[in-house]
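Raw start-v8.cif, mmCIF, C-alpha atoms:
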```cif
data_coords
loop_
_atom_site.label_atom_id
_atom_site.label_comp_id
_atom_site.auth_asym_id
_atom_site.auth_seq_id
_atom_site.Cartn_x
_atom_site.Cartn_y
_atom_site.Cartn_z
CA MET A 237 -1.59 38.84 -8.78
CA THR A 238 0.78 41.78 -8.79
CA ASP A 239 4.19 41.92 -10.43
CA SER A 240 5.79 42.53 -7.01
CA PHE A 241 4.91 38.96 -6.05
CA ILE A 242 6.92 37.17 -8.74
CA LYS A 243 8.28 38.65 -11.95
CA VAL A 244 8.73 36.56 -15.08
CA THR A 245 10.64 38.69 -17.62
CA GLU A 246 9.56 38.89 -21.26
CA SER A 247 12.59 36.87 -22.38
CA ALA A 248 11.79 34.15 -19.83
CA GLN A 249 8.14 34.05 -20.93
CA GLU A 250 9.21 33.72 -24.56
CA TYR A 251 11.66 30.92 -23.70
CA LEU A 252 9.13 29.03 -21.54
CA LEU A 253 6.40 29.36 -24.16
CA GLY A 254 8.78 27.80 -26.71
CA LEU A 255 9.42 24.86 -24.37
CA LEU A 256 5.72 24.37 -23.70
CA GLN A 257 4.87 24.41 -27.40
CA LYS A 258 7.38 21.61 -27.98
CA GLN A 259 5.48 19.44 -25.47
CA ASP A 260 2.63 19.07 -27.97
CA SER A 261 0.04 18.84 -25.19
CA GLN A 262 -3.04 21.06 -25.12
CA GLY A 263 -3.20 23.37 -22.09
CA MET A 264 0.34 22.59 -20.87
CA SER A 265 1.58 25.10 -18.29
CA VAL A 266 4.32 25.35 -15.68
CA ARG A 267 4.17 24.94 -11.91
CA ILE A 268 6.53 26.88 -9.65
CA PHE A 269 7.35 25.77 -6.11
CA VAL A 270 10.05 25.83 -3.44
CA GLU A 271 11.42 22.61 -1.96
CA ARG A 272 12.54 22.81 1.69
CA PRO A 273 11.39 26.45 1.94
CA GLY A 274 12.64 28.62 4.76
CA THR A 275 15.87 26.65 5.19
CA PRO A 276 19.42 27.13 3.85
CA HIS A 277 18.70 24.11 1.61
CA ALA A 278 15.69 25.73 -0.14
CA GLU A 279 15.52 25.14 -3.89
CA CYS A 280 13.30 26.98 -6.34
CA CYS A 281 11.79 24.59 -8.86
CA MET A 282 9.71 24.68 -12.01
CA ALA A 283 8.01 21.72 -13.66
CA TYR A 284 5.68 21.06 -16.55
CA CYS A 285 2.04 20.99 -15.48
CA ALA A 286 -0.44 19.24 -17.76
CA ALA A 287 -4.01 20.52 -17.93
CA GLY A 288 -5.79 19.71 -14.66
CA GLU A 289 -2.62 18.72 -12.77
CA ASN A 290 -2.41 21.95 -10.77
CA GLU A 291 -3.48 21.90 -7.11
CA PRO A 292 -6.63 23.69 -5.89
CA THR A 293 -4.48 25.82 -3.54
CA ASP A 294 -2.20 27.01 -6.38
CA THR A 295 -2.24 30.65 -7.47
CA ARG A 296 -2.61 31.15 -11.22
CA LEU A 297 -0.35 33.62 -13.00
CA ASP A 298 -1.39 34.42 -16.59
CA LEU A 299 1.66 34.97 -18.76
CA GLU A 300 2.18 35.57 -22.50
CA GLY A 301 0.49 32.56 -24.14
CA PHE A 302 0.49 30.25 -21.10
CA ALA A 303 -0.24 30.02 -17.38
CA ALA A 304 2.05 29.45 -14.43
CA TYR A 305 0.71 27.90 -11.24
CA ILE A 306 2.39 28.90 -7.98
CA ASP A 307 2.27 26.33 -5.19
CA GLY A 308 0.17 27.80 -2.38
CA ALA A 309 2.61 26.91 0.42
CA SER A 310 5.50 28.42 -1.57
CA VAL A 311 3.87 31.84 -2.08
CA PRO A 312 5.50 33.59 0.94
CA TYR A 313 8.92 32.30 -0.12
CA LEU A 314 8.51 33.58 -3.69
CA GLN A 315 7.78 37.21 -2.83
CA ASP A 316 9.99 39.45 -5.02
CA ALA A 317 11.23 36.45 -7.03
CA VAL A 318 12.50 37.03 -10.58
CA ILE A 319 12.63 34.44 -13.35
CA ASP A 320 14.77 35.61 -16.27
CA TYR A 321 16.28 34.19 -19.43
CA ALA A 322 19.59 35.49 -20.77
CA LYS A 323 20.92 34.46 -24.17
CA ASP A 324 24.62 33.67 -24.42
CA ARG A 325 27.07 31.94 -26.77
CA MET A 326 25.97 28.51 -25.51
CA GLY A 327 22.30 29.26 -26.20
CA GLY A 328 21.00 30.74 -23.00
CA GLN A 329 20.18 30.19 -19.37
CA LEU A 330 17.01 30.44 -17.30
CA THR A 331 17.71 31.97 -13.90
CA PHE A 332 15.47 31.91 -10.85
CA ARG A 333 16.23 34.35 -8.03
CA ALA A 334 14.03 34.19 -4.93
CA PRO A 335 15.65 36.18 -2.10
CA LYS A 336 13.06 35.04 0.46
CA SER A 337 13.16 31.31 -0.35
CA LYS A 338 15.65 30.55 2.43
CA VAL A 339 14.09 32.90 5.01
CA PRO A 340 11.93 31.09 7.61
CA GLN A 341 8.30 32.28 7.67
CA ILE A 342 6.76 31.52 11.02
CA ASP A 343 3.33 32.42 12.33
CA ASP A 344 0.61 30.74 14.40
CA ASN A 345 -0.37 28.57 11.42
CA ALA A 346 3.16 27.25 10.81
CA SER A 347 3.53 23.47 10.66
CA VAL A 348 5.62 21.52 13.17
CA GLU A 349 8.26 21.09 10.44
CA GLN A 350 8.39 24.85 9.77
CA LYS A 351 8.69 25.62 13.49
CA ILE A 352 11.52 23.11 13.98
CA ASN A 353 13.42 24.36 10.92
CA TYR A 354 13.02 27.94 12.09
CA ILE A 355 14.50 27.13 15.53
CA LEU A 356 17.31 25.00 14.03
CA TYR A 357 18.38 27.65 11.53
CA SER A 358 17.80 30.80 13.60
CA GLU A 359 18.97 29.64 17.06
CA ILE A 360 20.72 26.27 17.14
CA ASN A 361 22.86 26.21 13.98
CA PRO A 362 24.44 29.63 14.65
CA GLN A 363 25.71 28.19 17.97
CA LEU A 364 26.92 24.94 16.40
CA ALA A 365 28.66 26.91 13.63
CA SER A 366 31.24 28.13 16.18
CA HIS A 367 32.44 24.49 16.29
CA GLY A 368 32.08 24.03 12.53
CA GLY A 369 28.92 21.97 13.01
CA ASN A 370 25.29 21.97 11.96
CA VAL A 371 22.11 19.97 12.38
CA GLN A 372 19.12 19.50 10.09
CA LEU A 373 15.69 17.94 10.34
CA ILE A 374 15.48 14.72 8.31
CA GLU A 375 11.87 13.72 9.01
CA LEU A 376 8.99 13.79 11.46
CA LEU A 377 7.49 10.51 12.68
CA GLU A 378 4.73 9.31 15.02
CA ASP A 379 2.20 12.00 14.07
CA ASP A 380 4.79 14.79 14.20
CA THR A 381 5.79 14.03 17.81
CA LEU A 382 9.25 12.57 16.98
CA ALA A 383 11.85 14.71 15.22
CA VAL A 384 14.69 12.85 13.48
CA LEU A 385 17.80 15.02 13.14
CA LYS A 386 21.15 14.59 11.43
CA PHE A 387 24.37 16.30 12.49
CA GLY A 388 27.10 17.42 10.10
CA GLY A 389 30.46 19.17 10.06
CA GLY A 390 32.22 19.31 13.42
CA CYS A 391 29.24 17.67 15.17
CA GLN A 392 29.58 14.37 13.32
CA GLY A 393 31.53 11.98 15.52
CA CYS A 394 31.90 14.60 18.29
CA GLY A 395 32.28 13.16 21.80
CA MET A 396 29.90 15.79 23.18
CA VAL A 397 27.07 15.20 20.69
CA ASP A 398 24.82 13.36 23.18
CA VAL A 399 25.05 16.29 25.60
CA THR A 400 24.40 18.76 22.76
CA LEU A 401 21.40 16.74 21.58
CA LYS A 402 19.75 16.03 24.96
CA GLN A 403 20.60 19.09 27.04
CA GLY A 404 20.66 21.65 24.25
CA ILE A 405 18.72 20.84 21.10
CA GLU A 406 16.03 18.51 22.46
CA LYS A 407 15.38 20.73 25.48
CA THR A 408 15.01 23.82 23.26
CA LEU A 409 12.77 22.10 20.70
CA LEU A 410 10.45 20.47 23.27
CA GLU A 411 10.10 23.80 25.04
CA LYS A 412 9.32 25.81 21.88
CA VAL A 413 7.35 23.19 19.90
CA PRO A 414 4.89 21.65 22.39
CA GLN A 415 3.62 19.06 19.86
CA LEU A 416 7.04 17.36 19.97
CA LYS A 417 7.63 14.58 22.51
CA ARG A 418 11.04 13.25 21.44
CA VAL A 419 14.11 14.11 19.38
CA THR A 420 16.50 11.53 17.97
CA ASP A 421 19.66 11.52 15.84
CA THR A 422 20.45 9.35 12.78
CA THR A 423 24.05 10.52 12.32
CA ASP A 424 26.80 7.92 11.95
CA HIS A 425 29.12 9.14 14.73
CA THR A 426 31.78 6.51 13.98
CA VAL A 427 33.01 8.91 11.27
CA ARG A 428 35.18 11.24 13.34
CA GLU A 429 37.52 13.00 10.87
CA ASN A 430 35.97 16.45 11.32
CA ALA A 431 34.75 16.08 14.92
CA TYR A 432 35.23 19.13 17.14
CA PHE A 433 35.73 17.02 20.30
CA LYS A 434 37.25 13.57 19.58
#
```
Now, as a test, write the supplied structure out as structure tokens.
Amino acid sequence: MTDSFIKVTESAQEYLLGLLQKQDSQGMSVRIFVERPGTPHAECCMAYCAAGENEPTDTRLDLEGFAAYIDGASVPYLQDAVIDYAKDRMGGQLTFRAPKSKVPQIDDNASVEQKINYILYSEINPQLASHGGNVQLIELLEDDTLAVLKFGGGCQGCGMVDVTLKQGIEKTLLEKVPQLKRVTDTTDHTVRENAYFK
């Protein structure tokens, strides 16, 4: 694996090795992954990984005195990522910068969830933002044929939300993601404080 994929600075490696040695477990490593990749809510994560707990699809990165396993599905979102450790008066802080973690990655092999998130964040949310609103995918049900969405901001409690959902969002998603059959909304629209249309 090349350094351009993900860079773990010397100070970060030293810090992580110290943490792993305190675990007192032979073969302990770290696992790096992105939760909710390709969305504005993406979070870069790192966890302890005991010997044998890594996944077969993980990519192994050999570091100074230990290994890091990169979640296979997270690899595209961790391109050019940098993990660093900076000492300060309070001790120090581990930082994780991954500029591509929030960027949707869509190709023919993308999952239904990835396709929906891509459409929501690249097409639908920019339009809703003009009214101070947004929508996000909460879950997929019924073998990925039912998308459950939740509205926020100016869309919550809005009098036009049914029109927006049925004639705008659902129509767009069903057209662009053929596996989908239905779209529903779990938002509590009785809360109307921030609604764009009351």
Result set of the PyMOL selection byres ((chain A and resi 281) around 6) on the coordinates above, as a list in words
Ile268, Phe269, Val270, Cys280 and Met282 of chain A
Give as a ChimeraX atom specification the residues that the PyMOL selection byres ((chain A and resi 323-339) around 6) matches when applied to the coordinates above.
/A:273-276,278,313-314,317-322,340
Interatomic distance, atom CA of Asp380 of chain A to atom CA of Glu349 of chain A (Å, one decimal)
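Interatomic distance here is 8.1 Å.
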Just want the 6 Å neighbourhood of segment 299-308 of chain A, counted on all atoms listed in the file, with same-chain residues fewer than 4 positions away dropped. Output as JSON, numbers by chain.
{"A": [265, 266, 267, 268, 269, 293, 294, 295]}
Around segment 292-311 of chain A, fit a box with edges along x, y and z, padding it by 3 Å on each side, then list its centre and edge lengths in Å to one decimal as AutoDock Vina command-line options.
```
--center_x -0.6 --center_y 29.6 --center_z -11.9 --size_x 18.1 --size_y 17.9 --size_z 30.6
```
Once the PyMOL selection byres ((chain A and resi 357) around 12) is applied to the coordinates I shared, what remains selected? I want it as a compact mmCIF listing (two decimals) with C-alpha atoms, keeping the file's coordinate frame.
```
# COMPACT_ATOMS: atom_id res chain seq x y z
CA PRO A 273 11.39 26.45 1.94
CA GLY A 274 12.64 28.62 4.76
CA THR A 275 15.87 26.65 5.19
CA PRO A 276 19.42 27.13 3.85
CA HIS A 277 18.70 24.11 1.61
CA LYS A 338 15.65 30.55 2.43
CA VAL A 339 14.09 32.90 5.01
CA PRO A 340 11.93 31.09 7.61
CA GLN A 341 8.30 32.28 7.67
CA GLN A 350 8.39 24.85 9.77
CA LYS A 351 8.69 25.62 13.49
CA ILE A 352 11.52 23.11 13.98
CA ASN A 353 13.42 24.36 10.92
CA TYR A 354 13.02 27.94 12.09
CA ILE A 355 14.50 27.13 15.53
CA LEU A 356 17.31 25.00 14.03
CA SER A 358 17.80 30.80 13.60
CA GLU A 359 18.97 29.64 17.06
CA ILE A 360 20.72 26.27 17.14
CA ASN A 361 22.86 26.21 13.98
CA PRO A 362 24.44 29.63 14.65
CA GLN A 363 25.71 28.19 17.97
CA LEU A 364 26.92 24.94 16.40
CA ALA A 365 28.66 26.91 13.63
CA ASN A 370 25.29 21.97 11.96
CA VAL A 371 22.11 19.97 12.38
CA GLN A 372 19.12 19.50 10.09
CA LEU A 373 15.69 17.94 10.34
CA ILE A 405 18.72 20.84 21.10
```
So that I can check the surroundings of segment 412-422 of chain A, please list as a VMD selection string every protein, DNA and RNA residue that reaches within 8 Å of it, counting only C-alpha atoms and ignoring chain neighbours fewer than 6 positions away.
chain A and resid 348 351 to 352 380 to 387 401 406
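Minimum atom-to-atom distances from A:Ser366, A:Ser347, A:Leu252, A:Ser310 to Ala283 of chain A were compared using only C-alpha atoms, and the lowest value belongs to A:Leu252.
Among the candidates A:Ile374, A:Lys243, A:Leu297, A:Glu291, the residue lying nearest to Ala309 of chain A is A:Glu291 (atoms considered: only C-alpha atoms).
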d(atom CA of Leu377 of chain A, atom CA of Gly390 of chain A) in Å
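The value is 26.3 Å.
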Separation of atom CA of Glu378 of chain A from atom CA of Asn345 of chain A, in Å and rounded to one decimal:
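Separation between atom CA of Glu378 of chain A and atom CA of Asn345 of chain A: 20.2 Å.
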Between A:Arg296, A:Lys258, A:Ala286, A:Ala248, which has the minimum distance to Val311 of chain A (counting only C-alpha atoms)?
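Among A:Arg296, A:Lys258, A:Ala286, A:Ala248, it is A:Arg296 that comes nearest to Val311 of chain A.
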